[in-house]
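Below: upload30.txt (compact mmCIF, C-alpha atoms)
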```txt
# COMPACT_ATOMS: atom_id res chain seq x y z
CA MET A 1 -5.79 -41.02 -12.17
CA THR A 2 -7.27 -39.03 -14.98
CA THR A 3 -6.10 -39.43 -18.51
CA ASP A 4 -5.76 -36.95 -21.32
CA GLY A 5 -7.09 -37.46 -24.82
CA ALA A 6 -4.06 -39.53 -25.86
CA GLY A 7 -4.44 -41.90 -22.93
CA ASN A 8 -1.53 -40.52 -20.88
CA THR A 9 -2.13 -40.46 -17.17
CA LEU A 10 -2.15 -37.05 -15.55
CA ALA A 11 -1.38 -36.20 -11.94
CA PRO A 12 -4.48 -35.24 -9.98
CA LEU A 13 -5.11 -31.52 -9.75
CA PRO A 14 -4.12 -29.88 -6.46
CA ALA A 15 -7.69 -28.69 -6.20
CA SER A 16 -10.85 -30.23 -4.85
CA ILE A 17 -14.20 -29.87 -6.55
CA LEU A 18 -17.23 -30.41 -4.33
CA THR A 19 -20.89 -30.32 -5.22
CA GLN A 20 -23.08 -28.31 -2.90
CA GLY A 21 -26.66 -28.33 -4.11
CA PRO A 22 -26.70 -26.55 -7.47
CA HIS A 23 -23.22 -25.09 -6.93
CA LEU A 24 -19.70 -26.30 -7.48
CA ILE A 25 -17.21 -25.42 -4.75
CA VAL A 26 -13.65 -25.42 -6.06
CA SER A 27 -10.87 -25.12 -3.54
CA ILE A 28 -7.39 -24.61 -4.96
CA HIS A 29 -4.67 -25.84 -2.62
CA THR A 30 -1.43 -24.78 -4.29
CA ALA A 31 -0.48 -22.67 -7.26
CA LEU A 32 -1.51 -24.33 -10.53
CA ASP A 33 0.66 -24.28 -13.60
CA ASP A 34 -0.77 -23.24 -16.95
CA GLU A 35 -1.58 -26.77 -18.09
CA GLN A 36 -3.35 -27.54 -14.82
CA LEU A 37 -5.35 -24.32 -15.04
CA VAL A 38 -6.58 -25.17 -18.50
CA ARG A 39 -7.46 -28.68 -17.32
CA LEU A 40 -9.38 -27.25 -14.35
CA GLN A 41 -11.22 -24.88 -16.65
CA ARG A 42 -12.28 -27.68 -19.01
CA ASP A 43 -13.21 -29.96 -16.14
CA LEU A 44 -15.42 -27.33 -14.55
CA LEU A 45 -17.13 -26.45 -17.82
CA ASP A 46 -17.90 -30.14 -18.43
CA ARG A 47 -19.41 -30.43 -14.99
CA VAL A 48 -21.53 -27.32 -15.44
CA GLY A 49 -23.19 -29.13 -18.33
CA SER A 50 -23.38 -32.62 -16.89
CA GLN A 51 -24.46 -31.65 -13.37
CA ARG A 52 -26.64 -28.71 -14.45
CA CYS A 53 -24.83 -26.31 -12.08
CA ARG A 54 -26.12 -22.82 -11.42
CA GLY A 55 -23.00 -21.46 -9.82
CA ILE A 56 -19.25 -21.98 -9.43
CA LEU A 57 -17.35 -20.81 -6.38
CA ILE A 58 -13.55 -20.78 -6.62
CA ASP A 59 -11.66 -20.42 -3.36
CA VAL A 60 -8.12 -19.09 -3.85
CA ALA A 61 -7.43 -18.28 -0.18
CA ALA A 62 -4.51 -20.70 -0.08
CA LEU A 63 -2.70 -18.95 -2.93
CA ASP A 64 -0.14 -16.24 -2.31
CA VAL A 65 0.45 -15.75 -6.03
CA LEU A 66 -2.04 -15.33 -8.84
CA ASP A 67 -0.33 -14.56 -12.13
CA SER A 68 -1.87 -12.86 -15.11
CA PHE A 69 -2.48 -16.13 -16.94
CA ALA A 70 -4.37 -17.54 -13.96
CA ALA A 71 -6.41 -14.36 -13.66
CA ARG A 72 -7.23 -14.41 -17.36
CA THR A 73 -8.14 -18.09 -17.22
CA LEU A 74 -10.51 -17.44 -14.34
CA GLY A 75 -12.01 -14.55 -16.28
CA ASN A 76 -12.52 -16.72 -19.36
CA LEU A 77 -13.97 -19.48 -17.19
CA ALA A 78 -16.48 -17.04 -15.72
CA TYR A 79 -17.52 -15.93 -19.19
CA MET A 80 -17.82 -19.45 -20.59
CA ALA A 81 -19.68 -20.66 -17.52
CA ARG A 82 -22.13 -17.80 -17.89
CA LEU A 83 -22.74 -18.84 -21.49
CA ARG A 84 -23.65 -22.27 -20.13
CA GLY A 85 -25.88 -20.82 -17.45
CA ALA A 86 -23.71 -20.74 -14.33
CA ARG A 87 -22.46 -17.74 -12.36
CA THR A 88 -18.90 -17.66 -11.07
CA VAL A 89 -17.52 -16.08 -7.92
CA VAL A 90 -13.87 -16.03 -6.82
CA VAL A 91 -13.36 -15.80 -3.07
CA GLY A 92 -10.48 -15.40 -0.66
CA ILE A 93 -8.12 -13.19 -2.67
CA ALA A 94 -5.41 -12.18 -0.19
CA PRO A 95 -4.52 -8.48 0.24
CA ASP A 96 -1.09 -8.90 -1.35
CA VAL A 97 -2.55 -10.81 -4.28
CA ALA A 98 -5.13 -8.07 -4.83
CA MET A 99 -2.39 -5.43 -4.78
CA ALA A 100 -0.31 -7.41 -7.26
CA LEU A 101 -3.22 -7.93 -9.64
CA VAL A 102 -4.02 -4.23 -9.62
CA ARG A 103 -0.40 -3.27 -10.12
CA LEU A 104 -0.08 -5.69 -13.04
CA ALA A 105 -3.23 -4.07 -14.43
CA VAL A 106 -4.95 -7.45 -14.65
CA HIS A 107 -8.66 -6.87 -14.92
CA MET A 108 -11.28 -9.50 -14.29
CA PRO A 109 -14.39 -7.52 -15.20
CA LEU A 110 -16.71 -10.50 -15.52
CA VAL A 111 -15.60 -12.18 -12.34
CA GLN A 112 -17.55 -11.49 -9.20
CA THR A 113 -15.32 -11.50 -6.11
CA ALA A 114 -16.21 -11.97 -2.47
CA LEU A 115 -14.31 -11.94 0.78
CA ASP A 116 -14.62 -15.60 1.77
CA LEU A 117 -16.56 -18.83 1.25
CA GLU A 118 -19.50 -17.66 3.32
CA GLU A 119 -19.90 -14.41 1.38
CA GLY A 120 -19.47 -16.20 -1.92
CA LEU A 121 -22.15 -18.77 -1.14
CA GLN A 122 -24.47 -16.00 -0.05
CA TRP A 123 -23.95 -14.22 -3.37
CA LEU A 124 -24.53 -17.43 -5.34
CA SER A 125 -27.73 -18.17 -3.47
CA ALA A 126 -29.07 -14.64 -3.83
CA MET B 1 42.13 14.76 19.01
CA LEU B 2 44.53 16.02 16.41
CA GLU B 3 47.23 13.98 18.09
CA THR B 4 45.38 10.68 18.27
CA GLY B 5 44.21 11.12 14.69
CA SER B 6 41.41 8.63 15.07
CA VAL B 7 38.63 9.42 12.62
CA GLU B 8 36.17 7.12 14.38
CA ALA B 9 36.65 8.88 17.67
CA LEU B 10 36.14 12.20 15.94
CA GLN B 11 32.98 11.05 14.19
CA HIS B 12 31.65 9.70 17.43
CA TYR B 13 32.40 12.97 19.15
CA ALA B 14 30.76 14.98 16.36
CA ARG B 15 27.65 12.80 16.42
CA ASP B 16 27.43 13.09 20.16
CA LEU B 17 27.76 16.84 19.87
CA SER B 18 25.02 17.02 17.23
CA GLU B 19 22.67 14.91 19.32
CA ARG B 20 23.16 17.23 22.22
CA ILE B 21 22.77 20.51 20.39
CA ILE B 22 20.01 19.72 17.89
CA PRO B 23 17.20 19.63 20.46
CA ARG B 24 18.28 23.11 21.55
CA GLY B 25 17.45 24.46 18.12
CA VAL B 26 20.94 25.33 16.87
CA GLU B 27 21.10 26.28 13.21
CA THR B 28 23.46 24.57 10.77
CA HIS B 29 25.28 27.79 9.89
CA GLU B 30 26.01 28.40 13.57
CA VAL B 31 27.58 24.99 14.03
CA VAL B 32 29.67 25.25 10.88
CA GLY B 33 30.61 28.81 11.82
CA ILE B 34 31.87 27.74 15.25
CA VAL B 35 33.95 24.90 13.83
CA LEU B 36 35.51 27.14 11.17
CA LEU B 37 36.19 29.80 13.79
CA LEU B 38 38.00 27.24 15.96
CA ARG B 39 40.02 26.18 12.95
CA ASP B 40 41.10 29.74 12.24
CA VAL B 41 41.96 30.48 15.87
CA LEU B 42 44.13 27.36 16.01
CA ALA B 43 45.82 28.34 12.75
CA ARG B 44 46.62 31.78 14.15
CA SER B 45 48.19 30.24 17.23
CA LEU B 46 50.34 28.05 14.97
CA PHE B 47 51.50 31.12 13.02
CA GLU B 48 52.29 32.75 16.35
CA LYS B 49 54.26 29.78 17.60
CA TYR B 50 56.34 29.05 14.50
CA ARG B 51 56.83 32.59 13.13
CA GLU B 52 60.60 32.27 13.52
CA ASP B 53 61.00 29.19 11.34
CA PHE B 54 59.13 29.45 8.06
CA ASP B 55 60.00 25.93 6.85
CA LEU B 56 58.79 24.35 10.05
CA LEU B 57 55.59 26.43 9.89
CA ASN B 58 55.00 25.17 6.37
CA ARG B 59 55.41 21.56 7.44
CA VAL B 60 53.13 22.04 10.45
CA LEU B 61 50.49 23.66 8.25
CA ASP B 62 50.76 20.77 5.78
CA ALA B 63 49.71 18.43 8.56
CA TYR B 64 47.29 20.81 10.20
CA GLU B 65 45.17 21.94 7.25
CA PRO B 66 43.86 18.54 6.05
CA ALA B 67 43.19 17.48 9.62
CA ALA B 68 41.34 20.66 10.46
CA ASN B 69 39.28 20.49 7.25
CA ARG B 70 38.45 16.91 8.00
CA ILE B 71 37.21 17.84 11.44
CA ALA B 72 35.06 20.65 10.07
CA ASN B 73 33.69 18.33 7.40
CA THR B 74 32.92 15.54 9.86
CA VAL B 75 31.13 17.80 12.29
CA ALA B 76 29.02 19.41 9.58
CA VAL B 77 28.11 16.09 7.98
CA SER B 78 27.21 14.51 11.33
CA PHE B 79 25.06 17.49 12.13
CA VAL B 80 23.14 17.23 8.87
CA GLU B 81 22.89 13.44 9.16
CA GLN B 82 21.46 13.71 12.63
CA ARG B 83 18.91 16.23 11.40
CA GLU B 84 17.97 14.00 8.49
CA ARG B 85 17.52 11.09 10.88
CA VAL B 86 15.11 13.16 12.94
CA ILE B 87 13.17 14.12 9.81
CA ARG B 88 13.00 10.49 8.68
CA ASP B 89 11.71 9.35 12.05
CA GLN B 90 9.07 12.04 11.99
CA GLN B 91 8.02 11.09 8.46
CA ASP B 92 7.62 7.46 9.51
CA ALA B 93 5.57 8.47 12.51
CA LEU B 94 3.41 10.71 10.34
CA LEU B 95 2.82 7.94 7.84
CA GLU B 96 1.67 5.59 10.58
CA LEU B 97 -0.61 8.16 12.13
CA SER B 98 -2.15 9.51 9.00
CA THR B 99 -4.12 6.55 7.68
CA PRO B 100 -6.48 5.08 10.24
CA VAL B 101 -8.88 2.43 9.00
CA LEU B 102 -11.92 2.69 11.26
CA GLN B 103 -14.97 0.50 11.63
CA VAL B 104 -18.15 2.55 12.13
CA ARG B 105 -20.77 -0.16 11.66
CA GLU B 106 -20.56 -3.89 11.38
CA ARG B 107 -18.82 -4.55 8.04
CA LEU B 108 -18.51 -0.84 7.22
CA LEU B 109 -15.11 0.86 7.32
CA ILE B 110 -14.21 4.49 6.89
CA LEU B 111 -10.85 5.74 5.73
CA PRO B 112 -10.45 9.47 6.23
CA ILE B 113 -7.47 10.73 4.25
CA ILE B 114 -5.93 13.96 5.49
CA GLY B 115 -3.02 15.76 3.91
CA VAL B 116 -1.11 15.53 0.68
CA LEU B 117 -1.57 12.25 -1.13
CA ASP B 118 1.28 10.98 -3.29
CA THR B 119 1.64 7.63 -5.00
CA ALA B 120 3.81 6.14 -2.23
CA ARG B 121 1.29 7.07 0.42
CA ALA B 122 -1.60 5.91 -1.76
CA LEU B 123 0.10 2.53 -2.09
CA GLN B 124 0.71 2.21 1.64
CA LEU B 125 -2.86 3.27 2.28
CA THR B 126 -4.23 0.66 -0.10
CA GLU B 127 -2.22 -2.00 1.66
CA GLN B 128 -3.56 -0.95 5.06
CA LEU B 129 -7.09 -0.81 3.73
CA LEU B 130 -6.90 -4.31 2.22
CA HIS B 131 -5.66 -5.77 5.49
CA GLY B 132 -8.40 -3.84 7.29
CA ILE B 133 -11.02 -5.29 4.93
CA ARG B 134 -9.88 -8.78 5.74
CA ALA B 135 -9.57 -8.18 9.49
CA HIS B 136 -13.02 -6.56 9.83
CA ARG B 137 -14.68 -8.63 7.09
CA ALA B 138 -15.79 -5.37 5.53
CA LYS B 139 -18.39 -5.24 2.78
CA LEU B 140 -18.28 -1.50 2.23
CA VAL B 141 -15.61 1.14 2.61
CA VAL B 142 -16.13 4.89 2.65
CA ILE B 143 -12.99 6.79 1.64
CA ASP B 144 -13.23 10.43 2.59
CA ILE B 145 -10.85 12.80 0.81
CA THR B 146 -12.16 16.08 2.22
CA GLY B 147 -8.74 16.66 3.76
CA VAL B 148 -6.78 16.16 0.56
CA PRO B 149 -5.81 19.54 -0.89
CA ASN B 150 -5.28 18.46 -4.49
CA VAL B 151 -5.37 15.39 -6.66
CA ASP B 152 -3.26 14.90 -9.76
CA GLU B 153 -3.53 12.24 -12.41
CA ALA B 154 -1.21 9.75 -10.68
CA VAL B 155 -3.08 10.03 -7.39
CA ALA B 156 -6.47 9.74 -9.10
CA ASN B 157 -5.27 6.59 -10.83
CA SER B 158 -4.00 5.11 -7.59
CA LEU B 159 -7.40 5.83 -6.05
CA VAL B 160 -8.94 3.86 -8.91
CA ASP B 161 -6.46 1.06 -8.12
CA THR B 162 -7.48 1.16 -4.47
CA VAL B 163 -11.10 0.73 -5.46
CA THR B 164 -10.28 -2.11 -7.88
CA ALA B 165 -8.18 -3.95 -5.29
CA SER B 166 -10.93 -3.59 -2.68
CA ARG B 167 -13.47 -5.01 -5.11
CA LEU B 168 -11.20 -8.02 -5.64
CA MET B 169 -11.46 -8.60 -1.90
CA GLY B 170 -15.23 -8.34 -2.11
CA ALA B 171 -15.66 -4.85 -0.66
CA ASP B 172 -17.32 -1.96 -2.47
CA VAL B 173 -15.95 1.55 -2.09
CA ILE B 174 -17.75 4.86 -1.81
CA ILE B 175 -15.62 7.98 -2.23
CA THR B 176 -16.76 11.13 -0.50
CA GLY B 177 -15.62 14.69 -0.07
CA LEU B 178 -14.42 15.49 -3.58
CA SER B 179 -14.10 19.27 -3.44
CA SER B 180 -15.23 21.38 -6.39
CA ASP B 181 -11.57 22.16 -7.14
CA ILE B 182 -10.66 18.48 -7.29
CA ALA B 183 -13.73 17.70 -9.38
CA GLN B 184 -12.71 20.40 -11.85
CA THR B 185 -9.13 19.15 -11.96
CA LEU B 186 -10.26 15.59 -12.61
CA VAL B 187 -12.47 16.68 -15.49
CA THR B 188 -9.70 18.87 -16.91
CA ILE B 189 -7.03 16.18 -16.82
CA GLY B 190 -9.52 13.65 -18.11
CA VAL B 191 -9.42 11.00 -15.39
CA ASP B 192 -12.42 8.73 -15.68
CA LEU B 193 -13.99 8.19 -12.26
CA SER B 194 -17.40 7.33 -13.65
CA LYS B 195 -17.03 3.71 -12.57
CA MET B 196 -16.46 4.81 -9.01
CA HIS B 197 -19.26 5.42 -6.58
CA THR B 198 -18.99 8.96 -5.24
CA VAL B 199 -21.16 10.82 -2.74
CA GLY B 200 -20.88 14.49 -1.80
CA ASP B 201 -19.81 14.39 1.83
CA LEU B 202 -18.85 11.89 4.51
CA GLN B 203 -22.30 12.00 6.12
CA GLY B 204 -23.96 11.23 2.82
CA GLY B 205 -21.45 8.44 2.19
CA ILE B 206 -22.09 6.79 5.54
CA GLU B 207 -25.86 7.11 5.08
CA GLU B 208 -25.64 5.55 1.63
CA ALA B 209 -23.45 2.74 2.99
CA GLU B 210 -25.87 2.08 5.84
CA ARG B 211 -28.72 1.87 3.36
CA GLN B 212 -26.80 -0.66 1.26
CA LEU B 213 -25.95 -2.74 4.31
CA GLY B 214 -29.56 -2.68 5.52
CA PHE B 215 -29.12 -0.47 8.56
CA ARG B 216 -31.80 2.08 9.37
CA VAL B 217 -30.82 4.90 11.66
CA SER B 218 -33.69 6.79 13.24
CA LYS B 219 -33.87 9.46 15.86
CA VAL B 220 -35.36 8.50 19.21
CA PRO B 221 -38.13 10.96 20.11
CA ASP B 222 -37.49 12.94 23.30
CA ASP B 223 -39.61 11.85 26.26
CA HIS B 224 -39.70 15.20 28.00
```
Is it possible to give me this structure as structure tokens?
Amino acid sequence: MTTDGAGNTLAPLPASILTQGPHLIVSIHTALDDEQLVRLQRDLLDRVGSQRCRGILIDVAALDVLDSFAARTLGNLAYMARLRGARTVVVGIAPDVAMALVRLAVHMPLVQTALDLEEGLQWLSA
Amino acid sequence: MLETGSVEALQHYARDLSERIIPRGVETHEVVGIVLLLRDVLARSLFEKYREDFDLLNRVLDAYEPAANRIANTVAVSFVEQRERVIRDQQDALLELSTPVLQVRERLLILPIIGVLDTARALQLTEQLLHGIRAHRAKLVVIDITGVPNVDEAVANSLVDTVTASRLMGADVIITGLSSDIAQTLVTIGVDLSKMHTVGDLQGGIEEAERQLGFRVSKVPDDH
């Protein structure tokens, strides 16, 4: 159990964070609410510093919804991670999710996207 | 049929009639004309039959006229409905046929668009393309719009959306075949396509895509 600043226990995030060489592989299992997204963002940024990561890969293949807040959070994460020296790639966006993001006019200009895990890792290693 | 007075039976009959005569190329005005003619002939025969008793004739006509009009109405509406159904079926078939997503090289798709592009079709096309990208694990897509007669602002913007959505799925898009007319229109209406990768024709687009994917196509020298 993790705790927040005030010492309250927080439920574990429905996402796993694995270390693969200099990269962090984040796999999101179910849709995250806003609080969880912010927690994930902070967690990842801490790790970029403490583990000296060069890249973050976020796998959203399991999600069938990605709302504008989530998209913006991922965009901000990519920007902040870059400021700390890590590149970010989001992989596994489903066709319907891509359509929805475009129709909602959500832009993630700083986020690199790739088809799947394999492609994303290739881009990070390049 | 006048006696039974069943509207369902009449509608069924009219639909059946329409289904039989539409393939033979009968025009709407002919069908309506025949029904109206029948109505008038029947009315004449009623006048003939009840000419002696004016009150009775009046009562018969009171019953006859709404029924006859209803028949004419039902037949005409069924005829038009049947025709609309045929048109709808054809539109569906056309929509299915008109947007093939084809793989020409490993991880390279082409999407040749032929015919008028409206926002509904652009949306359907984007959906098909995105599923194609996932199914073929495409890295590059060449969209050829040589066969699109004109592009307005809405269509240009939906093309931009198509490109953006494809990028989200990790595939880059090259657009080819922008005619000089379309290029002029786009500049005139002020649609910004500068972020999109465009190449003159389909051949050039495929060559560019092959280069990006690391293919080299060379001609085999003739032996004889």
Near-range 9-23 of chain B list (8 Å; all atoms listed in the file; drop same-chain fewer than 6 positions) as a PyMOL selection string: chain B and resi 1+71+74-75+78-79+82-83
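In terms of minimum interatomic distance to chain A, B:Met169 ranks closest within B:Met169, B:Ala43, B:Leu202, B:Ile189, counting all atoms listed in the file.
Counting from CA of Val148 in chain B, the distance to CA of Arg134 in chain B is 25.7 Å.
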Contacts of Ala100 in chain A at 9 Å or less, counting all atoms listed in the file, minus same-chain residues fewer than 3 places along, as a list in words?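 These residues fall inside the cut-off: Val65, Leu66, Asp67, Pro95, Asp96, Val97, Arg103, Leu104, Ala105 and Val106 of chain A; Ala165 of chain B.
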Find the spatial neighbours of Ile114 in chain B, counting only C-alpha atoms, within a cut-off of 12 Å - ignore same-chain residues fewer than 4 positions away - and output them as a VMD selection string. chain B and resid 94 to 95 97 to 100 118 121 to 122 125 143 to 150 177
With 10 Å as the cut-off and only C-alpha atoms counted, what is the closest atom pair between each nearby residue of chain B and chain A? Distances in Å to one decimal, ordered by chain and number, as CSV.
```
residue,atom,partner,partner_atom,distance
B:Leu123,CA,A:Met99,CA,8.8
B:Thr126,CA,A:Met99,CA,7.9
B:Glu127,CA,A:Pro95,CA,7.0
B:Gln128,CA,A:Pro95,CA,9.0
B:Leu129,CA,A:Pro95,CA,8.8
B:Leu130,CA,A:Pro95,CA,5.2
B:His131,CA,A:Pro95,CA,6.0
B:Gly132,CA,A:Pro95,CA,9.3
B:Ile133,CA,A:Leu115,CA,8.5
B:Arg134,CA,A:Leu115,CA,7.4
B:Arg137,CA,A:Leu115,CA,7.1
B:Ala138,CA,A:Leu115,CA,8.2
B:Lys139,CA,A:Leu115,CA,8.1
B:Ser158,CA,A:Arg103,CA,9.5
B:Val160,CA,A:Val102,CA,9.5
B:Asp161,CA,A:Val102,CA,6.0
B:Thr162,CA,A:Val102,CA,8.2
B:Val163,CA,A:Val102,CA,9.6
B:Thr164,CA,A:Val102,CA,6.8
B:Ala165,CA,A:Ala98,CA,5.1
B:Ser166,CA,A:Ala98,CA,7.6
B:Arg167,CA,A:Thr113,CA,6.8
B:Leu168,CA,A:Thr113,CA,5.4
B:Met169,CA,A:Leu115,CA,5.1
B:Gly170,CA,A:Ala114,CA,3.8
B:Ala171,CA,A:Leu115,CA,7.4
```
Provide the CA of Gln41 in chain A to CA of Leu18 in chain A distance in Å, to one decimal place. 14.8 Å
